[in-house]
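Coordinates from input.tsv are shown below (TSV, C-alpha atoms).
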chain	number	residue	atom	x	y	z
V	33	MET	CA	11.17	-67.64	-71.25
V	34	ASN	CA	10.28	-66.72	-67.72
V	35	ASP	CA	13.24	-68.71	-66.43
V	36	THR	CA	15.82	-66.60	-68.25
V	37	ARG	CA	14.39	-63.33	-66.90
V	38	GLU	CA	14.43	-64.59	-63.35
V	39	GLU	CA	18.04	-65.77	-63.75
V	40	GLU	CA	19.07	-62.32	-65.01
V	41	LYS	CA	17.37	-60.66	-62.03
V	42	THR	CA	19.03	-62.96	-59.52
V	43	LYS	CA	22.44	-62.46	-61.11
V	44	SER	CA	22.15	-58.68	-60.86
V	45	LYS	CA	21.06	-58.90	-57.20
V	46	LYS	CA	23.97	-61.15	-56.27
V	47	LYS	CA	26.54	-58.92	-57.88
V	48	PHE	CA	28.45	-56.97	-55.22
V	49	ASN	CA	29.46	-53.38	-55.94
V	50	TRP	CA	33.09	-53.12	-54.79
V	51	GLU	CA	33.42	-49.51	-55.96
V	52	ARG	CA	30.69	-48.38	-53.59
V	53	LEU	CA	32.32	-50.24	-50.69
V	54	TRP	CA	35.68	-48.59	-51.33
V	55	PHE	CA	34.03	-45.18	-51.59
V	56	TRP	CA	32.45	-45.58	-48.14
V	57	ILE	CA	35.63	-46.95	-46.56
V	58	ILE	CA	37.70	-44.04	-47.87
V	59	SER	CA	35.02	-41.54	-46.80
V	60	ILE	CA	34.98	-42.91	-43.26
V	61	ILE	CA	38.78	-42.83	-43.06
V	62	VAL	CA	38.86	-39.18	-44.19
V	63	ILE	CA	36.21	-38.22	-41.63
V	64	VAL	CA	38.07	-40.00	-38.83
V	65	ILE	CA	41.34	-38.27	-39.75
V	66	PHE	CA	39.59	-34.89	-39.82
V	67	ILE	CA	38.01	-35.46	-36.38
V	68	THR	CA	41.31	-36.57	-34.83
V	69	MET	CA	43.00	-33.44	-36.16
V	70	LEU	CA	40.23	-31.21	-34.80
V	71	PHE	CA	39.75	-32.88	-31.40
V	72	PRO	CA	42.96	-31.72	-29.61
V	73	GLY	CA	42.22	-28.12	-30.58
V	74	LEU	CA	38.76	-28.39	-29.09
V	75	ILE	CA	40.18	-29.77	-25.84
V	76	ARG	CA	42.63	-26.86	-25.51
V	77	PHE	CA	39.89	-24.34	-26.27
V	78	ASP	CA	37.60	-25.91	-23.72
V	79	LYS	CA	40.21	-25.98	-20.94
V	80	GLY	CA	41.34	-22.37	-21.43
V	81	ALA	CA	37.79	-21.09	-21.65
V	82	ARG	CA	36.69	-23.09	-18.62
V	83	LEU	CA	39.50	-21.66	-16.48
V	84	LEU	CA	38.84	-18.12	-17.67
V	85	TYR	CA	35.12	-18.32	-17.05
V	86	SER	CA	35.59	-19.90	-13.62
V	87	CYS	CA	37.90	-16.99	-12.73
V	88	THR	CA	35.35	-14.42	-13.92
V	89	GLY	CA	32.68	-16.32	-12.01
V	90	ASN	CA	34.78	-16.15	-8.84
V	91	LEU	CA	35.27	-12.42	-9.33
V	92	ARG	CA	31.56	-11.89	-9.85
V	93	ASN	CA	30.71	-13.91	-6.72
V	94	ILE	CA	33.21	-11.99	-4.61
V	95	GLY	CA	31.81	-8.71	-5.93
V	96	LEU	CA	28.25	-9.73	-5.11
V	97	ILE	CA	29.21	-10.86	-1.62
V	98	ILE	CA	31.01	-7.57	-0.98
V	99	THR	CA	27.84	-5.79	-2.12
V	100	ASN	CA	25.82	-7.94	0.31
V	101	TYR	CA	28.30	-7.06	3.06
V	102	SER	CA	27.87	-3.35	2.35
V	103	THR	CA	24.09	-3.72	2.49
V	104	ASP	CA	24.38	-5.37	5.91
V	105	HIS	CA	26.85	-2.73	7.19
V	106	LYS	CA	25.16	0.55	6.23
V	107	GLY	CA	26.87	0.94	2.88
V	108	HIS	CA	30.45	0.37	4.09
V	109	TYR	CA	32.71	-2.05	2.24
V	110	PRO	CA	35.06	-4.43	4.10
V	111	GLN	CA	38.67	-3.30	4.57
V	112	ASN	CA	39.99	-6.65	3.30
V	113	LEU	CA	38.63	-9.95	2.05
V	114	GLU	CA	39.55	-11.84	5.25
V	115	ILE	CA	36.73	-10.00	7.03
V	116	LEU	CA	34.29	-11.82	4.74
V	117	VAL	CA	35.65	-15.16	5.97
V	118	GLU	CA	35.56	-14.04	9.63
V	119	GLN	CA	31.92	-12.99	9.32
V	120	LYS	CA	31.03	-16.21	7.47
V	121	TYR	CA	30.19	-14.71	4.08
V	122	PHE	CA	32.73	-17.23	2.72
V	123	SER	CA	33.88	-20.51	4.24
V	124	GLU	CA	37.25	-19.78	2.59
V	125	LEU	CA	38.38	-17.19	0.09
V	126	PRO	CA	38.31	-18.32	-3.54
V	127	VAL	CA	41.58	-18.30	-5.45
V	128	CYS	CA	42.37	-17.92	-9.12
V	129	PRO	CA	41.98	-21.36	-10.75
V	130	VAL	CA	44.99	-20.81	-13.01
V	131	THR	CA	47.61	-19.55	-10.56
V	132	GLY	CA	46.13	-20.57	-7.19
V	133	GLU	CA	46.80	-17.09	-5.80
V	134	PRO	CA	44.19	-15.10	-3.84
V	135	TYR	CA	42.35	-12.28	-5.57
V	136	LEU	CA	43.42	-8.67	-4.98
V	137	TYR	CA	40.98	-6.25	-3.34
V	138	ASP	CA	41.23	-2.48	-3.79
V	139	ILE	CA	39.29	0.08	-1.78
V	140	ALA	CA	40.17	3.73	-1.23
V	141	ALA	CA	38.81	4.15	2.30
V	142	TRP	CA	36.31	2.71	4.77
V	143	ASN	CA	33.55	4.95	3.44
V	144	ALA	CA	34.52	4.57	-0.24
V	145	VAL	CA	31.78	4.46	-2.85
V	146	ASP	CA	33.35	1.80	-5.03
V	147	PHE	CA	35.76	-1.13	-4.91
V	148	ALA	CA	37.59	-3.46	-7.27
V	149	VAL	CA	38.51	-7.13	-7.05
V	150	ARG	CA	41.28	-8.12	-9.46
V	151	CYS	CA	42.80	-11.36	-10.69
V	152	PRO	CA	46.44	-11.53	-9.55
V	153	ASN	CA	47.79	-12.74	-12.92
V	154	PRO	CA	45.38	-12.07	-15.79
V	155	ASP	CA	48.15	-12.51	-18.36
V	156	LYS	CA	48.30	-16.23	-17.54
V	157	HIS	CA	44.71	-16.75	-18.67
V	158	GLU	CA	44.23	-17.91	-22.23
V	159	MET	CA	41.26	-16.35	-23.89
V	160	PRO	CA	40.35	-18.44	-26.94
V	161	GLY	CA	40.64	-16.45	-30.13
V	162	LYS	CA	42.53	-13.50	-28.57
V	163	ARG	CA	46.20	-12.69	-28.37
V	164	LYS	CA	47.85	-13.00	-24.96
V	165	ASP	CA	49.33	-9.49	-25.01
V	166	LYS	CA	45.82	-7.98	-24.99
V	167	ASN	CA	45.00	-9.57	-21.62
V	168	LYS	CA	46.07	-6.69	-19.40
V	169	TYR	CA	43.50	-6.95	-16.62
V	170	LEU	CA	40.57	-8.95	-15.36
V	171	CYS	CA	38.59	-7.41	-12.54
V	172	TYR	CA	35.19	-6.81	-10.99
V	173	LYS	CA	34.33	-3.17	-10.29
V	174	SER	CA	31.38	-2.23	-8.14
V	175	VAL	CA	30.06	0.30	-10.63
V	176	ILE	CA	30.76	-1.61	-13.86
V	177	GLY	CA	30.79	-5.32	-13.04
V	178	ILE	CA	33.23	-7.67	-14.77
V	179	LYS	CA	35.81	-5.78	-16.80
V	180	GLY	CA	38.62	-7.21	-18.86
V	181	TYR	CA	38.27	-9.69	-21.67
V	182	TYR	CA	34.91	-8.58	-22.92

Would you mind writing the structure in this file as structure tokens?
Amino acid sequence: MNDTREEEKTKSKKKFNWERLWFWIISIIVIVIFITMLFPGLIRFDKGARLLYSCTGNLRNIGLIITNYSTDHKGHYPQNLEILVEQKYFSELPVCPVTGEPYLYDIAAWNAVDFAVRCPNPDKHEMPGKRKDKNKYLCYKSVIGIKGYY
């Protein structure tokens, strides 16, 4: 009597569940397909965002260095950005990572109270989740800070 029960137990343990195997195979295939569809979109988002944020970081750094320059020169701002290179505030002027063009610097006069550093082509930046026609400007203003996409 004990022998028949043990045989029934061993038979049920040896039986392979093919339905469960197919369920897991199909589930893994669906997940892989979903990830491969999602992955290129994430790469594009990452690249556009990285370029935009490196441009805003450059603008912020230039603005802070101009502020340091004005502190060293009795509140006067430089007439152009090349002066910052001549006086070793920069080893070389940063350029926009998207276009490779130098940033634009606006100041009213030598004793002006504010300045602006602008990206030369803000419309070429891709802000993830926003339409391109809304990207009119990207600049650093002395009074406000970074202005543009935010």

query = How far is it from CA of Tyr172 in chain V to CA of Gly95 in chain V, in Å with one decimal?
reply = 6.4 Å

query = Counting all atoms listed in the file, which of V:Ala140, V:Ile60, V:Tyr101, V:Val127 gets nearest to Pro152 in chain V?
reply = V:Val127

request  = Pick out the residues sitting within 8 Å of Pro126 in chain V, and hand them over as a ChimeraX atom specification; count only C-alpha atoms, and ignore anything fewer than 6 positions along from it in its own chain.
outcome  = /V:90,134-135

key: Which residue of V:Val145, V:Ile58, V:Met69, V:Leu84 approaches Cys171 in chain V most closely, using all atoms listed in the file   =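 Selected residue with least distance to Cys171 in chain V: V:Leu84.
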
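The smallest atom-to-atom distance between Cys128 in chain V and any of V:Ser102, V:Asn143, V:Thr88, V:Asn112, using only C-alpha atoms, is found for V:Thr88.
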
request  = One decimal, Å: what's the distance from CA of Leu113 in chain V over to CA of Leu136 in chain V, could you say?
outcome  = 8.6 Å

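Nearest to Tyr109 in chain V of all the residues V:Trp56, V:Cys151, V:Ser174, V:Tyr85 is V:Ser174, counting all atoms listed in the file.
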
task = Using all atoms listed in the file, find the one residue out of V:Val64, V:Ile57, V:Ala144, V:Leu125 that sits nearest to His108 in chain V.
result = V:Ala144

ask   = Which of these residues is nearest to Cys87 in chain V, using all atoms listed in the file: V:Ile115, V:Val149, V:Val130, V:Ile65?
value =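 Answer, going by the shortest atom-to-atom distance: V:Val130.
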
ask   = Between CA of Ile139 in chain V and CA of Asp104 in chain V, what is the distance, to one decimal in Å?
value = 17.6 Å

Assuming the input is short of atoms at range 101-121 of chain V, produce N, CA and C atoms for that part as a compact mmCIF listing (two decimals), in the frame of the given file.
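Saved file result39.txt follows:
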# COMPACT_ATOMS: atom_id res chain seq x y z
N TYR V 101 27.67 -7.53 1.83
CA TYR V 101 28.30 -7.06 3.06
C TYR V 101 27.99 -5.58 3.27
N SER V 102 28.12 -4.79 2.21
CA SER V 102 27.87 -3.35 2.35
C SER V 102 26.40 -3.07 2.66
N THR V 103 25.50 -3.88 2.16
CA THR V 103 24.09 -3.72 2.49
C THR V 103 23.85 -4.01 3.97
N ASP V 104 24.53 -5.02 4.50
CA ASP V 104 24.38 -5.37 5.91
C ASP V 104 25.08 -4.39 6.85
N HIS V 105 26.05 -3.63 6.34
CA HIS V 105 26.85 -2.73 7.19
C HIS V 105 26.71 -1.28 6.78
N LYS V 106 25.51 -0.85 6.50
CA LYS V 106 25.16 0.55 6.23
C LYS V 106 25.96 1.18 5.09
N GLY V 107 26.20 0.42 4.06
CA GLY V 107 26.87 0.94 2.88
C GLY V 107 28.38 0.94 2.92
N HIS V 108 28.99 0.41 3.98
CA HIS V 108 30.45 0.37 4.09
C HIS V 108 30.97 -0.95 3.53
N TYR V 109 32.08 -0.86 2.79
CA TYR V 109 32.71 -2.05 2.24
C TYR V 109 33.74 -2.59 3.23
N PRO V 110 34.05 -3.88 3.18
CA PRO V 110 35.06 -4.43 4.10
C PRO V 110 36.46 -3.87 3.77
N GLN V 111 37.31 -3.80 4.78
CA GLN V 111 38.67 -3.30 4.57
C GLN V 111 39.53 -4.32 3.83
N ASN V 112 39.27 -5.60 4.02
CA ASN V 112 39.99 -6.65 3.30
C ASN V 112 39.06 -7.85 3.14
N LEU V 113 39.48 -8.80 2.34
CA LEU V 113 38.63 -9.95 2.05
C LEU V 113 38.57 -10.95 3.21
N GLU V 114 39.55 -10.93 4.11
CA GLU V 114 39.55 -11.84 5.25
C GLU V 114 38.37 -11.57 6.18
N ILE V 115 37.90 -10.34 6.21
CA ILE V 115 36.73 -10.00 7.03
C ILE V 115 35.51 -10.80 6.57
N LEU V 116 35.42 -11.04 5.27
CA LEU V 116 34.29 -11.82 4.74
C LEU V 116 34.32 -13.26 5.24
N VAL V 117 35.52 -13.80 5.44
CA VAL V 117 35.65 -15.16 5.97
C VAL V 117 35.32 -15.16 7.46
N GLU V 118 35.82 -14.14 8.20
CA GLU V 118 35.56 -14.04 9.63
C GLU V 118 34.07 -13.93 9.93
N GLN V 119 33.35 -13.19 9.10
CA GLN V 119 31.92 -12.99 9.32
C GLN V 119 31.06 -14.00 8.56
N LYS V 120 31.69 -15.05 8.08
CA LYS V 120 31.03 -16.21 7.47
C LYS V 120 30.26 -15.90 6.17
N TYR V 121 30.73 -14.91 5.43
CA TYR V 121 30.19 -14.71 4.08
C TYR V 121 30.80 -15.75 3.13
